[in-house]
Amino acid sequence: MNATTVRPVPAAFWLLPCAADAARLQVMIDALATTHAAPVFEPHVTLHVAGCPAQFDIDALLATIADRHPALTLATLATGHGDAYYKALYLSVSCELQDGPGLMALRRDLVAQLTAADAYDFQPHVSLLYGQFPAQQRAELAADHDLHGQTLRFDRLAAVRPAPGHRDLSRVSHWQVYGHRRLRD
């Protein structure tokens with residue numbers, strides 16, 4: 001890489017639950033993280049992950065998207081689990097029920113504004129636990145933390161970038177969440 005080549009800055013774009021739902025989910029995330037020696041993180045639905053040019057105005061992008069889209073009420077599906085570190089235990093949300101179609105419209109608008117290829121495999125969910133755990137343990141945790149049939153209200157957007165001194169989003173402790181914008185009421 002020569003001196004004139006600028007590496008894109010990785011950014012994740014999140015949909016955040018309203019204060020009451022965030023608090024309820026955070027209690028669950030904190031308890032699971034403490035019990036299983038896992039990282040603590042803010043509850044969210046990852047809308048997209050992309051490399052952005054260093055000078056890209058993410059705050060302006062979030063403001064534009066937030067002004068165009070209303071807050072969303074999303075129906076929860078079964079609590080799932082998997083081998084992927086960031087999806088050890090997660091709560092799926094529906095794209096068909098409640099405001100699910102609005103979620104898809106918001107995401108399409110975000111990706112279009114980024115003018116980037118949509119290589120992110122969007123499977124809307126709220127992670128509850130990160131880590132690597134045996135399948136049997138994950139299945140038991142999913143059964144114990146099932147929120148199927150409930151709704152969650154999402155009213156904010158935020159972005160995540162590597163904290164100063166870091167180049168990627170591979171470690172939760174190196175995440176910097178910023179640019180919070182409230183969706184239209």
# chains A, B, ... in the order shown; residues from 1 in each chain; ligands from 1
>>> select_by_dssp(residues="stretch 4-174 of chain A", states="alpha helix (DSSP H)", output="MDAnalysis selection string")
chainID A and resid 19:35 58:68 100:114 135:144
>>> residues_around(residues="stretch 22-28 of chain A", least_positions_apart="2", cutoff="9 Å", atoms="only C-alpha atoms", output="short mmCIF file (atom, residue, chain, number, x, y, z; two decimals) with C-alpha atoms, in the first residue's frame")
data_model
loop_
_atom_site.label_atom_id
_atom_site.label_comp_id
_atom_site.auth_asym_id
_atom_site.auth_seq_id
_atom_site.Cartn_x
_atom_site.Cartn_y
_atom_site.Cartn_z
CA LEU A 16 -31.51 0.69 18.54
CA PRO A 17 -34.48 -0.16 20.76
CA CYS A 18 -36.37 2.52 22.69
CA ALA A 19 -35.17 3.23 26.23
CA ALA A 20 -37.58 0.83 27.99
CA ASP A 30 -25.40 -8.15 31.09
CA ALA A 31 -26.54 -11.21 33.06
CA LEU A 32 -25.63 -13.61 30.25
CA ALA A 33 -22.26 -11.91 29.75
CA VAL A 40 -21.16 -6.76 27.17
CA PHE A 41 -22.64 -4.77 24.27
CA GLU A 42 -25.56 -2.47 23.57
CA PRO A 43 -28.73 -4.19 22.24
CA HIS A 44 -29.20 -3.52 18.54
CA VAL A 126 -30.89 -8.77 18.44
CA LEU A 128 -28.14 -11.62 23.45
CA HIS A 145 -34.48 -16.77 27.18
CA LEU A 152 -39.82 -4.35 20.57
CA PHE A 154 -36.92 0.72 17.79
#
>>> select_by_dssp(residues="stretch 30-166 of chain A", states="strand (DSSP E or B)", output="number ranges by chain")
A: 45-52, 70, 72-81, 89-93, 125-129, 151-162
>>> residues_around(residues="A:Ser94", least_positions_apart="5", cutoff="9 Å", atoms="only C-alpha atoms", output="JSON list (two decimals) with C-alpha atoms, in the first residue's frame")
[["chain", "number", "residue", "atom", "x", "y", "z"],
["A", 74, "LEU", "CA", -40.99, -5.24, 15.40],
["A", 75, "ALA", "CA", -42.37, -8.65, 16.33],
["A", 76, "THR", "CA", -39.98, -11.12, 17.90],
["A", 77, "LEU", "CA", -39.62, -14.65, 16.64],
["A", 99, "ASP", "CA", -43.46, -2.80, 11.02],
["A", 100, "GLY", "CA", -41.20, -5.40, 9.41],
["A", 101, "PRO", "CA", -41.72, -3.96, 5.90],
["A", 124, "PRO", "CA", -32.48, -9.10, 11.44],
["A", 125, "HIS", "CA", -31.89, -10.09, 15.03]]
>>> closest_residue(among="A:Met104, A:Leu62, A:Leu147, A:Ala163", to="A:Leu183", atoms="only C-alpha atoms")
A:Leu62
>>> atom_distance(atom1="atom CA of A:His174", atom2="atom CA of A:Pro162")
5.7 Å
>>> closest_residue(among="A:Ala38, A:Val177, A:Leu15, A:Leu114", to="A:Val93", atoms="only C-alpha atoms")
A:Leu15
>>> residues_around(residues="A:Val49", least_positions_apart="2", cutoff="7 Å", atoms="only C-alpha atoms", output="PyMOL selection string")
chain A and resi 11-13+120
>>> closest_residue(among="A:Cys52, A:Leu169, A:Leu157, A:Ala142", to="A:His81", atoms="only C-alpha atoms")
A:Ala142
>>> closest_residue(among="A:Asp83, A:Asp121, A:Asp109, A:Asp59", to="A:Arg138", atoms="only C-alpha atoms")
A:Asp83
>>> residues_around(residues="A:Arg7", least_positions_apart="6", cutoff="12 Å", atoms="only C-alpha atoms", output="NGL selection string")
:A and (1 or 51-55 or 167-168)
>>> write_last_selection(atoms="C-alpha atoms", output="tab-separated table (two decimals), in the first residue's frame")
chain	number	residue	atom	x	y	z
A	1	MET	CA	0.00	0.00	0.00
A	51	GLY	CA	-16.14	0.13	4.58
A	52	CYS	CA	-16.59	3.90	4.34
A	53	PRO	CA	-14.10	6.43	3.00
A	54	ALA	CA	-12.28	8.15	5.88
A	55	GLN	CA	-13.93	11.51	5.09
A	167	ARG	CA	-8.45	-0.64	12.59
A	168	ASP	CA	-11.34	-3.09	12.63
>>> closest_residue(among="A:Leu110, A:Ala50, A:Ala88, A:Ala158", to="A:Ala139", atoms="only C-alpha atoms")
A:Ala88
>>> closest_residue(among="A:Ala119, A:Gly80, A:Gly179, A:His148", to="A:Arg161", atoms="only C-alpha atoms")
A:Gly179
>>> decode(residues="stretch 15-94 of chain A", atoms="C-alpha atoms", output="CSV table (one decimal), in the first residue's frame")
chain,number,residue,atom,x,y,z
A,15,LEU,CA,-31.1,0.2,14.8
A,16,LEU,CA,-31.5,0.7,18.5
A,17,PRO,CA,-34.5,-0.2,20.8
A,18,CYS,CA,-36.4,2.5,22.7
A,19,ALA,CA,-35.2,3.2,26.2
A,20,ALA,CA,-37.6,0.8,28.0
A,21,ASP,CA,-36.9,-2.1,25.6
A,22,ALA,CA,-33.1,-1.3,25.6
A,23,ALA,CA,-33.1,-1.4,29.4
A,24,ARG,CA,-34.9,-4.8,29.5
A,25,LEU,CA,-32.6,-6.3,26.9
A,26,GLN,CA,-29.5,-4.8,28.5
A,27,VAL,CA,-30.3,-6.6,31.8
A,28,MET,CA,-30.5,-9.9,29.9
A,29,ILE,CA,-27.3,-9.2,28.0
A,30,ASP,CA,-25.4,-8.2,31.1
A,31,ALA,CA,-26.5,-11.2,33.1
A,32,LEU,CA,-25.6,-13.6,30.3
A,33,ALA,CA,-22.3,-11.9,29.7
A,34,THR,CA,-21.4,-12.1,33.5
A,35,THR,CA,-22.5,-15.7,33.8
A,36,HIS,CA,-20.7,-16.9,30.7
A,37,ALA,CA,-17.6,-14.6,30.8
A,38,ALA,CA,-18.6,-12.9,27.5
A,39,PRO,CA,-18.5,-9.3,26.4
A,40,VAL,CA,-21.2,-6.8,27.2
A,41,PHE,CA,-22.6,-4.8,24.3
A,42,GLU,CA,-25.6,-2.5,23.6
A,43,PRO,CA,-28.7,-4.2,22.2
A,44,HIS,CA,-29.2,-3.5,18.5
A,45,VAL,CA,-30.2,-4.8,15.1
A,46,THR,CA,-27.2,-4.5,12.7
A,47,LEU,CA,-28.6,-3.0,9.5
A,48,HIS,CA,-25.4,-3.0,7.5
A,49,VAL,CA,-21.7,-3.2,7.7
A,50,ALA,CA,-19.5,-1.5,5.2
A,51,GLY,CA,-16.1,0.1,4.6
A,52,CYS,CA,-16.6,3.9,4.3
A,53,PRO,CA,-14.1,6.4,3.0
A,54,ALA,CA,-12.3,8.1,5.9
A,55,GLN,CA,-13.9,11.5,5.1
A,56,PHE,CA,-17.5,10.1,4.7
A,57,ASP,CA,-20.0,12.0,6.8
A,58,ILE,CA,-21.7,9.2,8.7
A,59,ASP,CA,-23.4,11.7,11.1
A,60,ALA,CA,-25.1,13.4,8.1
A,61,LEU,CA,-26.1,10.0,6.6
A,62,LEU,CA,-27.7,9.0,9.9
A,63,ALA,CA,-29.6,12.3,10.2
A,64,THR,CA,-30.9,11.9,6.6
A,65,ILE,CA,-32.1,8.4,7.2
A,66,ALA,CA,-33.6,9.2,10.6
A,67,ASP,CA,-35.6,12.1,9.1
A,68,ARG,CA,-37.0,9.8,6.4
A,69,HIS,CA,-38.2,6.9,8.5
A,70,PRO,CA,-40.5,6.4,11.5
A,71,ALA,CA,-39.8,4.5,14.7
A,72,LEU,CA,-40.6,0.8,14.2
A,73,THR,CA,-42.4,-1.8,16.3
A,74,LEU,CA,-41.0,-5.2,15.4
A,75,ALA,CA,-42.4,-8.7,16.3
A,76,THR,CA,-40.0,-11.1,17.9
A,77,LEU,CA,-39.6,-14.7,16.6
A,78,ALA,CA,-38.0,-17.6,18.4
A,79,THR,CA,-34.8,-17.1,20.2
A,80,GLY,CA,-32.1,-18.8,18.2
A,81,HIS,CA,-28.5,-19.9,18.6
A,82,GLY,CA,-25.6,-20.7,16.4
A,83,ASP,CA,-21.9,-21.4,16.0
A,84,ALA,CA,-21.1,-17.8,14.8
A,85,TYR,CA,-19.4,-15.8,17.6
A,86,TYR,CA,-21.7,-12.8,17.2
A,87,LYS,CA,-24.9,-15.0,17.1
A,88,ALA,CA,-24.3,-17.5,19.9
A,89,LEU,CA,-27.7,-16.5,21.3
A,90,TYR,CA,-30.0,-14.1,19.5
A,91,LEU,CA,-33.6,-12.9,19.2
A,92,SER,CA,-34.9,-12.9,15.6
A,93,VAL,CA,-37.2,-10.1,14.5
A,94,SER,CA,-39.8,-10.4,11.8
